[in-house]
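**Q** Enclosed is the structure file input-v2.cif (mmCIF, C-alpha atoms (C1' of nucleotides)).
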```cif
data_model
loop_
_atom_site.label_atom_id
_atom_site.label_comp_id
_atom_site.auth_asym_id
_atom_site.auth_seq_id
_atom_site.Cartn_x
_atom_site.Cartn_y
_atom_site.Cartn_z
CA MET I 1017 0.00 0.00 0.00
CA ARG I 1018 1.20 3.42 -0.92
CA ALA I 1019 1.46 5.86 1.96
CA GLU I 1020 0.45 8.77 -0.22
CA GLU I 1021 -2.92 9.05 1.43
CA LEU I 1022 -1.41 9.18 4.87
CA LYS I 1023 -1.41 12.95 4.92
CA GLY I 1024 -2.07 13.98 8.47
CA HIS I 1025 -2.06 10.51 9.98
CA LEU I 1026 1.61 9.63 9.82
CA ASP I 1027 2.40 11.36 13.09
CA ALA I 1028 -0.07 9.17 14.92
CA LEU I 1029 1.51 6.05 13.47
CA LEU I 1030 5.00 7.11 14.49
CA LEU I 1031 3.89 7.96 18.01
CA ALA I 1032 2.09 4.62 18.26
CA ALA I 1033 5.24 2.81 17.14
CA LEU I 1034 7.11 4.43 20.02
CA GLU I 1035 4.47 3.59 22.59
CA ASP I 1036 6.03 0.29 23.65
CA GLY I 1037 9.42 1.84 24.26
CA PRO I 1038 12.22 3.75 22.53
CA ARG I 1039 13.06 2.89 18.94
CA HIS I 1040 15.30 4.30 16.26
CA GLY I 1041 14.03 5.29 12.83
CA TYR I 1042 14.92 2.11 11.03
CA ALA I 1043 13.23 0.07 13.74
CA VAL I 1044 10.11 2.22 13.49
CA ILE I 1045 9.82 1.31 9.82
CA GLU I 1046 10.15 -2.36 10.71
CA ALA I 1047 7.65 -2.11 13.54
CA LEU I 1048 5.02 -0.49 11.32
CA ARG I 1049 5.62 -3.03 8.58
CA GLN I 1050 5.09 -5.87 11.02
CA ALA I 1051 2.07 -4.26 12.70
CA THR I 1052 0.34 -3.96 9.35
CA GLY I 1053 1.32 -7.34 8.00
CA GLY I 1054 3.62 -5.81 5.44
CA ARG I 1055 0.99 -3.49 4.00
CA LEU I 1056 2.73 -0.33 5.16
CA GLU I 1057 6.19 0.27 3.70
CA LEU I 1058 7.42 3.70 4.71
CA PRO I 1059 10.43 5.04 2.79
CA THR I 1060 13.24 6.51 4.86
CA GLY I 1061 12.73 9.88 3.19
CA THR I 1062 9.32 9.95 4.80
CA ILE I 1063 10.03 8.94 8.37
CA TYR I 1064 13.33 10.66 9.14
CA PRO I 1065 12.02 14.14 8.44
CA ALA I 1066 8.78 13.24 10.22
CA LEU I 1067 10.63 12.12 13.34
CA ARG I 1068 12.51 15.42 13.38
CA ARG I 1069 9.23 17.29 13.07
CA LEU I 1070 7.88 15.39 16.05
CA GLU I 1071 11.03 16.07 18.02
CA GLN I 1072 10.84 19.78 17.25
CA ALA I 1073 7.22 19.73 18.33
CA GLY I 1074 8.30 18.26 21.66
CA LEU I 1075 6.31 15.05 21.24
CA ILE I 1076 9.39 12.81 21.22
CA THR I 1077 13.00 13.16 22.34
CA GLY I 1078 15.97 11.66 20.57
CA SER I 1079 19.41 10.60 21.73
CA TRP I 1080 22.40 9.24 19.86
CA SER I 1081 23.94 5.90 20.57
CA VAL I 1082 26.32 3.55 18.78
CA VAL I 1083 25.44 -0.10 18.31
CA ALA I 1084 27.71 -2.49 16.40
CA GLY I 1085 29.69 0.40 15.01
CA ARG I 1086 26.63 2.15 13.58
CA ARG I 1087 25.20 5.29 15.04
CA ARG I 1088 21.55 5.36 15.95
CA ARG I 1089 19.12 8.00 17.06
CA ASP I 1090 16.71 6.50 19.55
CA TYR I 1091 13.45 8.30 20.08
CA GLN I 1092 11.02 8.02 22.94
CA LEU I 1093 7.64 9.55 23.71
CA THR I 1094 7.47 12.60 25.94
CA PRO I 1095 4.47 13.03 28.25
CA GLY I 1096 3.13 15.50 25.71
CA GLY I 1097 3.67 12.93 23.00
CA ALA I 1098 1.67 10.36 24.93
CA ARG I 1099 -1.17 12.84 25.31
CA ALA I 1100 -0.95 13.71 21.62
CA LEU I 1101 -1.09 10.02 20.71
CA SER I 1102 -4.20 9.57 22.77
CA GLY I 1103 -5.82 12.56 21.09
CA LYS I 1104 -4.77 11.43 17.64
CA ARG I 1105 -6.15 7.99 18.25
CA SER I 1106 -9.61 9.28 19.04
CA ALA I 1107 -9.33 11.77 16.17
CA TRP I 1108 -8.60 8.82 13.89
CA ARG I 1109 -11.65 6.95 15.15
CA ASP I 1110 -13.83 10.01 14.51
CA PHE I 1111 -12.29 10.58 11.12
CA SER I 1112 -12.54 6.96 10.10
CA ALA I 1113 -16.16 6.70 11.21
CA THR I 1114 -17.04 9.93 9.41
CA ILE I 1115 -15.50 8.91 6.10
CA SER I 1116 -16.98 5.44 6.34
CA ALA I 1117 -20.39 6.98 6.97
CA ALA I 1118 -20.06 9.24 3.96
CA LEU I 1119 -18.76 6.43 1.76
CA GLU I 1120 -20.84 3.51 2.85
CA GLY I 1121 -23.66 4.77 5.01
CA ARG I 1122 -22.49 2.95 8.11
CA PRO I 1123 -19.93 3.87 10.77
CA CYS I 1124 -17.53 0.96 10.38
CA PRO I 1125 -17.72 -2.33 8.51
CA GLU I 1126 -17.88 -5.32 10.83
CA PRO I 1127 -15.46 -8.10 9.98
CA ALA I 1128 -17.15 -11.34 8.89
CA MET R 1326 -14.32 18.01 12.26
CA ARG R 1327 -11.62 19.61 10.22
CA ALA R 1328 -11.19 18.21 6.74
CA GLU R 1329 -7.46 18.88 6.77
CA GLU R 1330 -6.67 15.19 7.05
CA LEU R 1331 -8.81 14.35 4.06
CA LYS R 1332 -5.84 14.51 1.71
CA GLY R 1333 -6.43 11.88 -0.91
CA HIS R 1334 -9.88 10.82 0.25
CA LEU R 1335 -11.93 13.83 -0.79
CA ASP R 1336 -12.42 12.56 -4.33
CA ALA R 1337 -14.03 9.39 -3.05
CA LEU R 1338 -16.45 11.41 -0.92
CA LEU R 1339 -17.46 13.62 -3.82
CA LEU R 1340 -18.00 10.66 -6.12
CA ALA R 1341 -20.04 8.93 -3.43
CA ALA R 1342 -22.19 12.04 -3.02
CA LEU R 1343 -23.03 11.88 -6.71
CA GLU R 1344 -23.84 8.19 -6.68
CA ASP R 1345 -27.57 8.66 -6.06
CA GLY R 1346 -27.94 11.06 -8.96
CA PRO R 1347 -26.75 14.43 -10.26
CA ARG R 1348 -26.08 17.20 -7.77
CA HIS R 1349 -24.60 20.67 -7.92
CA GLY R 1350 -21.70 21.75 -5.74
CA TYR R 1351 -23.68 23.41 -3.02
CA ALA R 1352 -25.92 20.35 -2.77
CA VAL R 1353 -22.87 18.08 -2.50
CA ILE R 1354 -21.77 20.02 0.56
CA GLU R 1355 -25.22 19.60 2.08
CA ALA R 1356 -25.35 15.90 1.21
CA LEU R 1357 -22.01 15.20 2.87
CA ARG R 1358 -22.98 17.22 5.91
CA GLN R 1359 -26.15 15.19 6.30
CA ALA R 1360 -24.48 11.86 5.57
CA THR R 1361 -22.00 12.47 8.37
CA GLY R 1362 -24.45 13.94 10.87
CA GLY R 1363 -22.96 17.38 10.56
CA ARG R 1364 -19.39 16.24 11.25
CA LEU R 1365 -18.09 17.06 7.81
CA GLU R 1366 -18.30 20.73 6.80
CA LEU R 1367 -16.53 21.25 3.50
CA PRO R 1368 -15.73 24.87 2.56
CA THR R 1369 -16.65 25.96 -0.95
CA GLY R 1370 -13.00 26.67 -1.69
CA THR R 1371 -12.37 22.99 -1.23
CA ILE R 1372 -15.13 21.40 -3.26
CA TYR R 1373 -15.43 23.65 -6.30
CA PRO R 1374 -11.82 23.15 -7.39
CA ALA R 1375 -12.11 19.46 -6.54
CA LEU R 1376 -15.20 19.02 -8.70
CA ARG R 1377 -13.36 20.65 -11.59
CA ARG R 1378 -10.44 18.30 -11.06
CA LEU R 1379 -12.80 15.35 -11.22
CA GLU R 1380 -14.45 16.71 -14.33
CA GLN R 1381 -11.08 17.19 -16.02
CA ALA R 1382 -10.19 13.64 -15.06
CA GLY R 1383 -13.35 12.43 -16.80
CA LEU R 1384 -14.89 10.96 -13.65
CA ILE R 1385 -17.86 13.32 -13.66
CA THR R 1386 -19.53 15.54 -16.24
CA GLY R 1387 -21.06 18.94 -15.51
CA SER R 1388 -23.81 20.93 -17.19
CA TRP R 1389 -25.18 24.38 -16.47
CA SER R 1390 -28.76 25.04 -15.58
CA VAL R 1391 -30.71 27.91 -14.11
CA VAL R 1392 -33.02 27.34 -11.16
CA ALA R 1393 -34.92 30.21 -9.51
CA GLY R 1394 -32.80 32.76 -11.32
CA ARG R 1395 -29.52 31.25 -10.08
CA ARG R 1396 -27.15 29.34 -12.25
CA ARG R 1397 -26.05 25.91 -11.20
CA ARG R 1398 -23.55 23.39 -12.41
CA ASP R 1399 -24.96 19.92 -12.04
CA TYR R 1400 -22.50 17.07 -12.00
CA GLN R 1401 -23.09 13.39 -12.57
CA LEU R 1402 -20.91 10.31 -12.48
CA THR R 1403 -19.50 8.96 -15.71
CA PRO R 1404 -19.04 5.19 -16.11
CA GLY R 1405 -15.35 5.75 -15.37
CA GLY R 1406 -16.34 7.71 -12.28
CA ALA R 1407 -18.48 4.84 -11.04
CA ARG R 1408 -15.57 2.45 -11.52
CA ALA R 1409 -13.24 4.88 -9.77
CA LEU R 1410 -15.67 5.14 -6.86
CA SER R 1411 -15.74 1.41 -6.49
CA GLY R 1412 -11.96 1.26 -6.49
CA LYS R 1413 -11.64 4.12 -4.05
CA ARG R 1414 -14.11 2.49 -1.70
CA SER R 1415 -12.07 -0.67 -1.42
CA ALA R 1416 -8.89 1.38 -1.22
CA TRP R 1417 -10.46 3.20 1.73
CA ARG R 1418 -11.31 -0.07 3.45
CA ASP R 1419 -7.73 -1.28 3.02
CA PHE R 1420 -6.30 2.00 4.17
CA SER R 1421 -8.62 2.27 7.15
CA ALA R 1422 -7.91 -1.30 8.24
CA THR R 1423 -4.16 -0.76 7.88
CA ILE R 1424 -4.08 2.41 9.94
CA SER R 1425 -6.36 0.93 12.57
CA ALA R 1426 -4.07 -2.08 12.81
CA ALA R 1427 -1.01 0.11 13.27
CA LEU R 1428 -2.76 2.35 15.78
CA GLU R 1429 -4.73 -0.11 17.81
CA GLY R 1430 -3.47 -3.56 16.99
CA ARG R 1431 -6.76 -4.74 15.47
CA PRO R 1432 -8.19 -4.35 11.96
CA CYS R 1433 -11.30 -2.37 12.79
CA PRO R 1434 -13.00 -1.56 16.12
CA GLU R 1435 -16.30 -3.37 16.50
CA PRO R 1436 -19.13 -1.16 17.77
CA ALA R 1437 -20.43 -2.13 21.23
"C1'" DC X 836 -31.88 49.25 2.25
"C1'" DA X 837 -29.44 45.68 4.64
"C1'" DC X 838 -28.92 41.06 5.68
"C1'" DT X 839 -29.09 36.21 4.87
"C1'" DA X 840 -29.16 32.11 2.08
"C1'" DT X 841 -28.04 30.30 -2.19
"C1'" DG X 842 -24.61 29.53 -5.73
"C1'" DC X 843 -19.99 29.63 -8.38
"C1'" DG X 844 -15.44 30.72 -8.63
"C1'" DT X 845 -10.13 32.09 -8.12
"C1'" DA X 846 -5.41 33.33 -6.06
"C1'" DG X 847 -2.19 32.28 -3.04
"C1'" DC X 848 -0.73 29.60 0.92
"C1'" DA X 849 0.74 25.78 3.90
"C1'" DT X 850 1.37 21.26 4.90
"C1'" DT X 851 3.31 17.07 4.06
"C1'" DA X 852 4.71 12.78 1.92
"C1'" DC X 853 7.51 11.39 -2.03
"C1'" DT X 854 11.65 10.51 -5.19
"C1'" DA X 855 16.33 10.46 -5.62
"C1'" DC X 856 20.33 11.13 -3.79
"C1'" DT X 857 24.47 11.09 -0.29
"C1'" DT X 858 27.14 9.23 3.59
"C1'" DA X 859 28.74 5.43 6.51
"C1'" DT X 860 29.71 0.66 8.79
"C1'" DA X 861 29.59 -4.51 8.94
"C1'" DG X 862 29.40 -8.87 7.04
"C1'" DA X 863 28.96 -12.20 3.34
"C1'" DA X 864 29.94 -13.62 -1.26
"C1'" DC X 865 33.01 -14.06 -4.98
"C1'" DG W 473 40.06 -7.27 -2.20
"C1'" DT W 474 36.05 -5.97 -4.35
"C1'" DT W 475 31.29 -6.10 -4.64
"C1'" DC W 476 26.88 -6.62 -2.77
"C1'" DT W 477 23.46 -6.51 0.88
"C1'" DA W 478 21.62 -5.00 5.25
"C1'" DT W 479 21.71 -1.60 8.58
"C1'" DA W 480 21.45 3.37 9.73
"C1'" DA W 481 20.72 8.47 9.05
"C1'" DG W 482 19.99 12.32 6.46
"C1'" DT W 483 18.95 16.27 2.70
"C1'" DA W 484 17.11 18.81 -1.49
"C1'" DG W 485 13.67 19.49 -4.35
"C1'" DT W 486 9.04 18.28 -6.05
"C1'" DA W 487 4.09 17.52 -6.28
"C1'" DA W 488 -0.32 17.09 -4.54
"C1'" DT W 489 -4.08 18.97 -2.40
"C1'" DG W 490 -7.05 21.08 0.95
"C1'" DC W 491 -7.50 25.71 3.18
"C1'" DT W 492 -8.22 30.82 3.87
"C1'" DA W 493 -9.90 34.81 2.15
"C1'" DC W 494 -11.64 36.93 -1.18
"C1'" DG W 495 -15.01 38.49 -5.26
"C1'" DC W 496 -19.32 38.14 -8.03
"C1'" DA W 497 -24.30 37.44 -8.48
"C1'" DT W 498 -29.52 36.56 -7.38
"C1'" DA W 499 -33.65 36.02 -4.33
"C1'" DG W 500 -36.18 36.70 -0.35
"C1'" DT W 501 -37.01 38.86 4.28
"C1'" DG W 502 -36.95 42.38 7.71
#
```
Can you dump the structure from the file as structure tokens?
**A**
Amino acid sequence: MRAEELKGHLDALLLAALEDGPRHGYAVIEALRQATGGRLELPTGTIYPALRRLEQAGLITGSWSVVAGRRRRDYQLTPGGARALSGKRSAWRDFSATISAALEGRPCPEPA
Amino acid sequence: MRAEELKGHLDALLLAALEDGPRHGYAVIEALRQATGGRLELPTGTIYPALRRLEQAGLITGSWSVVAGRRRRDYQLTPGGARALSGKRSAWRDFSATISAALEGRPCPEPA
DNA sequence: CACTATGCGTAGCATTACTACTTATAGAAC
DNA sequence: GTTCTATAAGTAGTAATGCTACGCATAGTG
């Protein structure tokens, strides 16, 4: 699946990927790929700038480390980031229900 | 609800609003507002350019008429538009399920 | 006459994800 | 020892697209 339609929802995904503990960018990509069964393949040019945006916004904090000779930037949620995640999750539910209603006339399709 | 996060999904909504028959722009806004229980309030500066995009893409066709002294542009789905709507609907289901999975760890929240 | 609802439209802006590229280390293949 | 892959981070420039803030016009109501 292309992530072109993500506009506005990527931040929530990144925050969610950091909810279980600190991760570095490359690991965030892997985590989202696994969580979506391989449907979501984020290019590095998408997530690295996004992580910096989130850091600048104070929702995550990053710190450098070196593992196996390679430098990493590990990010973790700030308290504000956790609050933002919670808000974005309910915003997603509202949004998803609204679009589904407009598209299909019911709030959310029940799995069979 | 703000429609800022619509990016990429607006077209599907507009096509869906025209599925039951021809409508003019102003009526599309009303139809989407009603379909979503007032949650979706699209500004005119959003839908008029979007309708023209869809017309240029051949997904809808427009024709002028005059009702009560006011001119209207009525749009209706083309066969290609109907196909596009169908595709966009299933794309939405995929997208929605994928994001929900990444955010909440399950494909789609079941209503209580 | 002013105000509101109806109705269409544009110009310019801001956000944001993408492509394509660069830099760097470690290990395996050859 | 060179090449290829995986790991790891980043930037520059582009394109898409919805938004704000306008302008224009008619009809009806107070």
**Q** With all Cα atoms paired residue by residue, do a least-squares superposition of chain I on chain R and hand back the transformed coordinates as a PDB file with C-alpha atoms, in the frame of the given file.
**A**
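Once written, superposed-v6.pdb looks like this:
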```pdb
ATOM      1  CA  MET I1017     -14.340  17.994  12.214  1.00  0.00           C
ATOM      2  CA  ARG I1018     -11.681  19.660  10.179  1.00  0.00           C
ATOM      3  CA  ALA I1019     -11.199  18.249   6.702  1.00  0.00           C
ATOM      4  CA  GLU I1020      -7.480  18.885   6.799  1.00  0.00           C
ATOM      5  CA  GLU I1021      -6.693  15.217   7.086  1.00  0.00           C
ATOM      6  CA  LEU I1022      -8.794  14.362   4.088  1.00  0.00           C
ATOM      7  CA  LYS I1023      -5.836  14.504   1.754  1.00  0.00           C
ATOM      8  CA  GLY I1024      -6.417  11.892  -0.880  1.00  0.00           C
ATOM      9  CA  HIS I1025      -9.869  10.834   0.253  1.00  0.00           C
ATOM     10  CA  LEU I1026     -11.945  13.820  -0.771  1.00  0.00           C
ATOM     11  CA  ASP I1027     -12.415  12.565  -4.308  1.00  0.00           C
ATOM     12  CA  ALA I1028     -14.022   9.395  -3.039  1.00  0.00           C
ATOM     13  CA  LEU I1029     -16.439  11.385  -0.910  1.00  0.00           C
ATOM     14  CA  LEU I1030     -17.460  13.606  -3.802  1.00  0.00           C
ATOM     15  CA  LEU I1031     -17.990  10.645  -6.103  1.00  0.00           C
ATOM     16  CA  ALA I1032     -20.034   8.905  -3.410  1.00  0.00           C
ATOM     17  CA  ALA I1033     -22.191  12.010  -3.007  1.00  0.00           C
ATOM     18  CA  LEU I1034     -22.995  11.847  -6.714  1.00  0.00           C
ATOM     19  CA  GLU I1035     -23.812   8.157  -6.672  1.00  0.00           C
ATOM     20  CA  ASP I1036     -27.535   8.615  -6.054  1.00  0.00           C
ATOM     21  CA  GLY I1037     -27.937  11.026  -8.934  1.00  0.00           C
ATOM     22  CA  PRO I1038     -26.729  14.387 -10.247  1.00  0.00           C
ATOM     23  CA  ARG I1039     -26.067  17.175  -7.772  1.00  0.00           C
ATOM     24  CA  HIS I1040     -24.589  20.637  -7.909  1.00  0.00           C
ATOM     25  CA  GLY I1041     -21.702  21.728  -5.710  1.00  0.00           C
ATOM     26  CA  TYR I1042     -23.730  23.375  -3.004  1.00  0.00           C
ATOM     27  CA  ALA I1043     -25.938  20.305  -2.751  1.00  0.00           C
ATOM     28  CA  VAL I1044     -22.885  18.063  -2.486  1.00  0.00           C
ATOM     29  CA  ILE I1045     -21.777  19.994   0.584  1.00  0.00           C
ATOM     30  CA  GLU I1046     -25.225  19.555   2.097  1.00  0.00           C
ATOM     31  CA  ALA I1047     -25.357  15.871   1.241  1.00  0.00           C
ATOM     32  CA  LEU I1048     -21.998  15.179   2.886  1.00  0.00           C
ATOM     33  CA  ARG I1049     -22.966  17.188   5.944  1.00  0.00           C
ATOM     34  CA  GLN I1050     -26.140  15.170   6.333  1.00  0.00           C
ATOM     35  CA  ALA I1051     -24.454  11.824   5.630  1.00  0.00           C
ATOM     36  CA  THR I1052     -21.968  12.469   8.407  1.00  0.00           C
ATOM     37  CA  GLY I1053     -24.399  13.908  10.902  1.00  0.00           C
ATOM     38  CA  GLY I1054     -22.906  17.351  10.587  1.00  0.00           C
ATOM     39  CA  ARG I1055     -19.358  16.222  11.298  1.00  0.00           C
ATOM     40  CA  LEU I1056     -18.090  17.059   7.827  1.00  0.00           C
ATOM     41  CA  GLU I1057     -18.305  20.725   6.839  1.00  0.00           C
ATOM     42  CA  LEU I1058     -16.552  21.256   3.531  1.00  0.00           C
ATOM     43  CA  PRO I1059     -15.789  24.873   2.594  1.00  0.00           C
ATOM     44  CA  THR I1060     -16.706  25.940  -0.922  1.00  0.00           C
ATOM     45  CA  GLY I1061     -13.060  26.690  -1.663  1.00  0.00           C
ATOM     46  CA  THR I1062     -12.404  23.004  -1.204  1.00  0.00           C
ATOM     47  CA  ILE I1063     -15.150  21.380  -3.228  1.00  0.00           C
ATOM     48  CA  TYR I1064     -15.457  23.631  -6.275  1.00  0.00           C
ATOM     49  CA  PRO I1065     -11.860  23.164  -7.350  1.00  0.00           C
ATOM     50  CA  ALA I1066     -12.118  19.468  -6.487  1.00  0.00           C
ATOM     51  CA  LEU I1067     -15.192  19.019  -8.668  1.00  0.00           C
ATOM     52  CA  ARG I1068     -13.347  20.646 -11.561  1.00  0.00           C
ATOM     53  CA  ARG I1069     -10.423  18.300 -11.014  1.00  0.00           C
ATOM     54  CA  LEU I1070     -12.781  15.346 -11.176  1.00  0.00           C
ATOM     55  CA  GLU I1071     -14.411  16.708 -14.299  1.00  0.00           C
ATOM     56  CA  GLN I1072     -11.043  17.188 -15.978  1.00  0.00           C
ATOM     57  CA  ALA I1073     -10.152  13.647 -15.007  1.00  0.00           C
ATOM     58  CA  GLY I1074     -13.296  12.442 -16.761  1.00  0.00           C
ATOM     59  CA  LEU I1075     -14.850  10.960 -13.626  1.00  0.00           C
ATOM     60  CA  ILE I1076     -17.832  13.328 -13.643  1.00  0.00           C
ATOM     61  CA  THR I1077     -19.508  15.553 -16.222  1.00  0.00           C
ATOM     62  CA  GLY I1078     -21.046  18.918 -15.504  1.00  0.00           C
ATOM     63  CA  SER I1079     -23.788  20.919 -17.171  1.00  0.00           C
ATOM     64  CA  TRP I1080     -25.176  24.367 -16.483  1.00  0.00           C
ATOM     65  CA  SER I1081     -28.758  25.018 -15.603  1.00  0.00           C
ATOM     66  CA  VAL I1082     -30.725  27.885 -14.086  1.00  0.00           C
ATOM     67  CA  VAL I1083     -33.043  27.299 -11.154  1.00  0.00           C
ATOM     68  CA  ALA I1084     -34.941  30.149  -9.485  1.00  0.00           C
ATOM     69  CA  GLY I1085     -32.792  32.696 -11.245  1.00  0.00           C
ATOM     70  CA  ARG I1086     -29.528  31.192  -9.996  1.00  0.00           C
ATOM     71  CA  ARG I1087     -27.160  29.317 -12.212  1.00  0.00           C
ATOM     72  CA  ARG I1088     -26.083  25.860 -11.190  1.00  0.00           C
ATOM     73  CA  ARG I1089     -23.550  23.374 -12.420  1.00  0.00           C
ATOM     74  CA  ASP I1090     -24.943  19.886 -12.028  1.00  0.00           C
ATOM     75  CA  TYR I1091     -22.475  17.048 -11.992  1.00  0.00           C
ATOM     76  CA  GLN I1092     -23.068  13.378 -12.575  1.00  0.00           C
ATOM     77  CA  LEU I1093     -20.878  10.287 -12.476  1.00  0.00           C
ATOM     78  CA  THR I1094     -19.440   8.951 -15.708  1.00  0.00           C
ATOM     79  CA  PRO I1095     -18.989   5.188 -16.110  1.00  0.00           C
ATOM     80  CA  GLY I1096     -15.319   5.757 -15.360  1.00  0.00           C
ATOM     81  CA  GLY I1097     -16.301   7.699 -12.277  1.00  0.00           C
ATOM     82  CA  ALA I1098     -18.441   4.826 -11.054  1.00  0.00           C
ATOM     83  CA  ARG I1099     -15.532   2.444 -11.526  1.00  0.00           C
ATOM     84  CA  ALA I1100     -13.210   4.875  -9.761  1.00  0.00           C
ATOM     85  CA  LEU I1101     -15.647   5.142  -6.854  1.00  0.00           C
ATOM     86  CA  SER I1102     -15.732   1.401  -6.506  1.00  0.00           C
ATOM     87  CA  GLY I1103     -11.942   1.254  -6.506  1.00  0.00           C
ATOM     88  CA  LYS I1104     -11.642   4.112  -4.052  1.00  0.00           C
ATOM     89  CA  ARG I1105     -14.100   2.488  -1.723  1.00  0.00           C
ATOM     90  CA  SER I1106     -12.077  -0.690  -1.453  1.00  0.00           C
ATOM     91  CA  ALA I1107      -8.880   1.371  -1.237  1.00  0.00           C
ATOM     92  CA  TRP I1108     -10.438   3.188   1.713  1.00  0.00           C
ATOM     93  CA  ARG I1109     -11.296  -0.088   3.420  1.00  0.00           C
ATOM     94  CA  ASP I1110      -7.714  -1.304   2.957  1.00  0.00           C
ATOM     95  CA  PHE I1111      -6.292   1.987   4.111  1.00  0.00           C
ATOM     96  CA  SER I1112      -8.579   2.235   7.097  1.00  0.00           C
ATOM     97  CA  ALA I1113      -7.868  -1.333   8.177  1.00  0.00           C
ATOM     98  CA  THR I1114      -4.126  -0.807   7.773  1.00  0.00           C
ATOM     99  CA  ILE I1115      -3.998   2.364   9.846  1.00  0.00           C
ATOM    100  CA  SER I1116      -6.268   0.880  12.480  1.00  0.00           C
ATOM    101  CA  ALA I1117      -3.993  -2.150  12.678  1.00  0.00           C
ATOM    102  CA  ALA I1118      -0.932   0.024  13.103  1.00  0.00           C
ATOM    103  CA  LEU I1119      -2.642   2.255  15.657  1.00  0.00           C
ATOM    104  CA  GLU I1120      -4.636  -0.193  17.675  1.00  0.00           C
ATOM    105  CA  GLY I1121      -3.530  -3.684  16.783  1.00  0.00           C
ATOM    106  CA  ARG I1122      -6.879  -4.695  15.350  1.00  0.00           C
ATOM    107  CA  PRO I1123      -8.407  -4.207  11.900  1.00  0.00           C
ATOM    108  CA  CYS I1124     -11.477  -2.190  12.841  1.00  0.00           C
ATOM    109  CA  PRO I1125     -13.131  -1.369  16.150  1.00  0.00           C
ATOM    110  CA  GLU I1126     -16.514  -3.026  16.542  1.00  0.00           C
ATOM    111  CA  PRO I1127     -19.275  -0.711  17.693  1.00  0.00           C
ATOM    112  CA  ALA I1128     -20.659  -1.553  21.145  1.00  0.00           C
TER     113      ALA I1128
END
```
**Q** Any chance you could tabulate, as CSV, the residues of chain X at most 8 Å from chain I with each one's nearest atom pair and distance in Å to one decimal, using all atoms listed in the file, in chain and rising number order?
**A**
```
residue,atom,partner,partner_atom,distance
X:DT851,C1',I:Lys1023,CA,6.3
X:DA852,C1',I:Thr1062,CA,6.1
X:DC853,C1',I:Thr1062,CA,7.2
X:DT860,C1',I:Arg1086,CA,5.9
X:DA861,C1',I:Gly1085,CA,7.8
```
**Q** Find the spatial neighbours of Ala1360 in chain R, counting only C-alpha atoms (C1' of nucleotides), within a cut-off of 9 Å - ignore same-chain residues fewer than 6 positions away - and output them as a list in words.
**A**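 Answer for this query is Thr1114, Ala1117, Ala1118, Leu1119 and Gly1121 of chain I; Ala1342 of chain R.
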**Q** List the neighbours of Thr1369 in chain R out to 12 Å using only C-alpha atoms (C1' of nucleotides); skip same-chain residues closer than 2 positions along the sequence, and give me the result as a list in words.
**A** His1349, Gly1350, Tyr1351, Ala1352, Val1353, Ile1354, Glu1355, Glu1366, Leu1367, Thr1371, Ile1372, Tyr1373, Pro1374, Ala1375 and Leu1376 of chain R; DG842, DC843, DG844 and DT845 of chain X; DG490, DC491, DT492 and DA493 of chain W
**Q** Output the selection as an mmCIF file, in the coordinates of the input - C-alpha atoms (C1' of nucleotides) for each residue.
**A**
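Heads up, here's the output in result-v6.cif:
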```
data_model
loop_
_atom_site.group_PDB
_atom_site.id
_atom_site.type_symbol
_atom_site.label_atom_id
_atom_site.label_comp_id
_atom_site.auth_asym_id
_atom_site.auth_seq_id
_atom_site.Cartn_x
_atom_site.Cartn_y
_atom_site.Cartn_z
ATOM 1 C CA HIS R 1349 -24.600 20.670 -7.920
ATOM 2 C CA GLY R 1350 -21.700 21.750 -5.740
ATOM 3 C CA TYR R 1351 -23.680 23.410 -3.020
ATOM 4 C CA ALA R 1352 -25.920 20.350 -2.770
ATOM 5 C CA VAL R 1353 -22.870 18.080 -2.500
ATOM 6 C CA ILE R 1354 -21.770 20.020 0.560
ATOM 7 C CA GLU R 1355 -25.220 19.600 2.080
ATOM 8 C CA GLU R 1366 -18.300 20.730 6.800
ATOM 9 C CA LEU R 1367 -16.530 21.250 3.500
ATOM 10 C CA THR R 1371 -12.370 22.990 -1.230
ATOM 11 C CA ILE R 1372 -15.130 21.400 -3.260
ATOM 12 C CA TYR R 1373 -15.430 23.650 -6.300
ATOM 13 C CA PRO R 1374 -11.820 23.150 -7.390
ATOM 14 C CA ALA R 1375 -12.110 19.460 -6.540
ATOM 15 C CA LEU R 1376 -15.200 19.020 -8.700
ATOM 16 C "C1'" DG X 842 -24.610 29.530 -5.730
ATOM 17 C "C1'" DC X 843 -19.990 29.630 -8.380
ATOM 18 C "C1'" DG X 844 -15.440 30.720 -8.630
ATOM 19 C "C1'" DT X 845 -10.130 32.090 -8.120
ATOM 20 C "C1'" DG W 490 -7.050 21.080 0.950
ATOM 21 C "C1'" DC W 491 -7.500 25.710 3.180
ATOM 22 C "C1'" DT W 492 -8.220 30.820 3.870
ATOM 23 C "C1'" DA W 493 -9.900 34.810 2.150
#
```
**Q** State, in Å with one decimal place, the distance from CA of Gln1092 in chain I to CA of Gly1078 in chain I.
**A**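 Separation of CA of Gln1092 in chain I and CA of Gly1078 in chain I: 6.6 Å.
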**Q** If the PyMOL selection byres ((chain I and resi 1074-1076) around 10) were run on this exact file, what residues would it hold? Put them as a PyMOL selection string.
**A** chain I and resi 1027+1030-1031+1034+1038+1067-1073+1077-1078+1090-1101
**Q** Translate the PyMOL selection byres ((chain X and resi 865) around 10), as applied to the file shown, into an explicit residue set as a PyMOL selection string.
**A** (chain X and resi 863-864) or (chain W and resi 474-476)
**Q** DG485 in chain W: which residues within 12 Å, counting only C-alpha atoms (C1' of nucleotides), same-chain residues fewer than 2 positions away excluded, as a list in words?
**A**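 Residues meeting the cut-off are DC853, DT854, DA855 and DC856 of chain X; DT483 and DA487 of chain W.
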**Q** With 9 Å as the cut-off and all atoms listed in the file counted, what is the closest atom pair between each nearby residue of chain W and chain I? Distances in Å to one decimal, ordered by chain and number, as JSON lines.
**A**
```
{"residue": "W:DT479", "atom": "C1'", "partner": "I:Arg1086", "partner_atom": "CA", "distance": 8.0}
{"residue": "W:DA480", "atom": "C1'", "partner": "I:Arg1088", "partner_atom": "CA", "distance": 6.5}
{"residue": "W:DA481", "atom": "C1'", "partner": "I:Arg1088", "partner_atom": "CA", "distance": 7.6}
{"residue": "W:DG482", "atom": "C1'", "partner": "I:Tyr1064", "partner_atom": "CA", "distance": 7.4}
{"residue": "W:DT483", "atom": "C1'", "partner": "I:Gly1061", "partner_atom": "CA", "distance": 8.9}
```
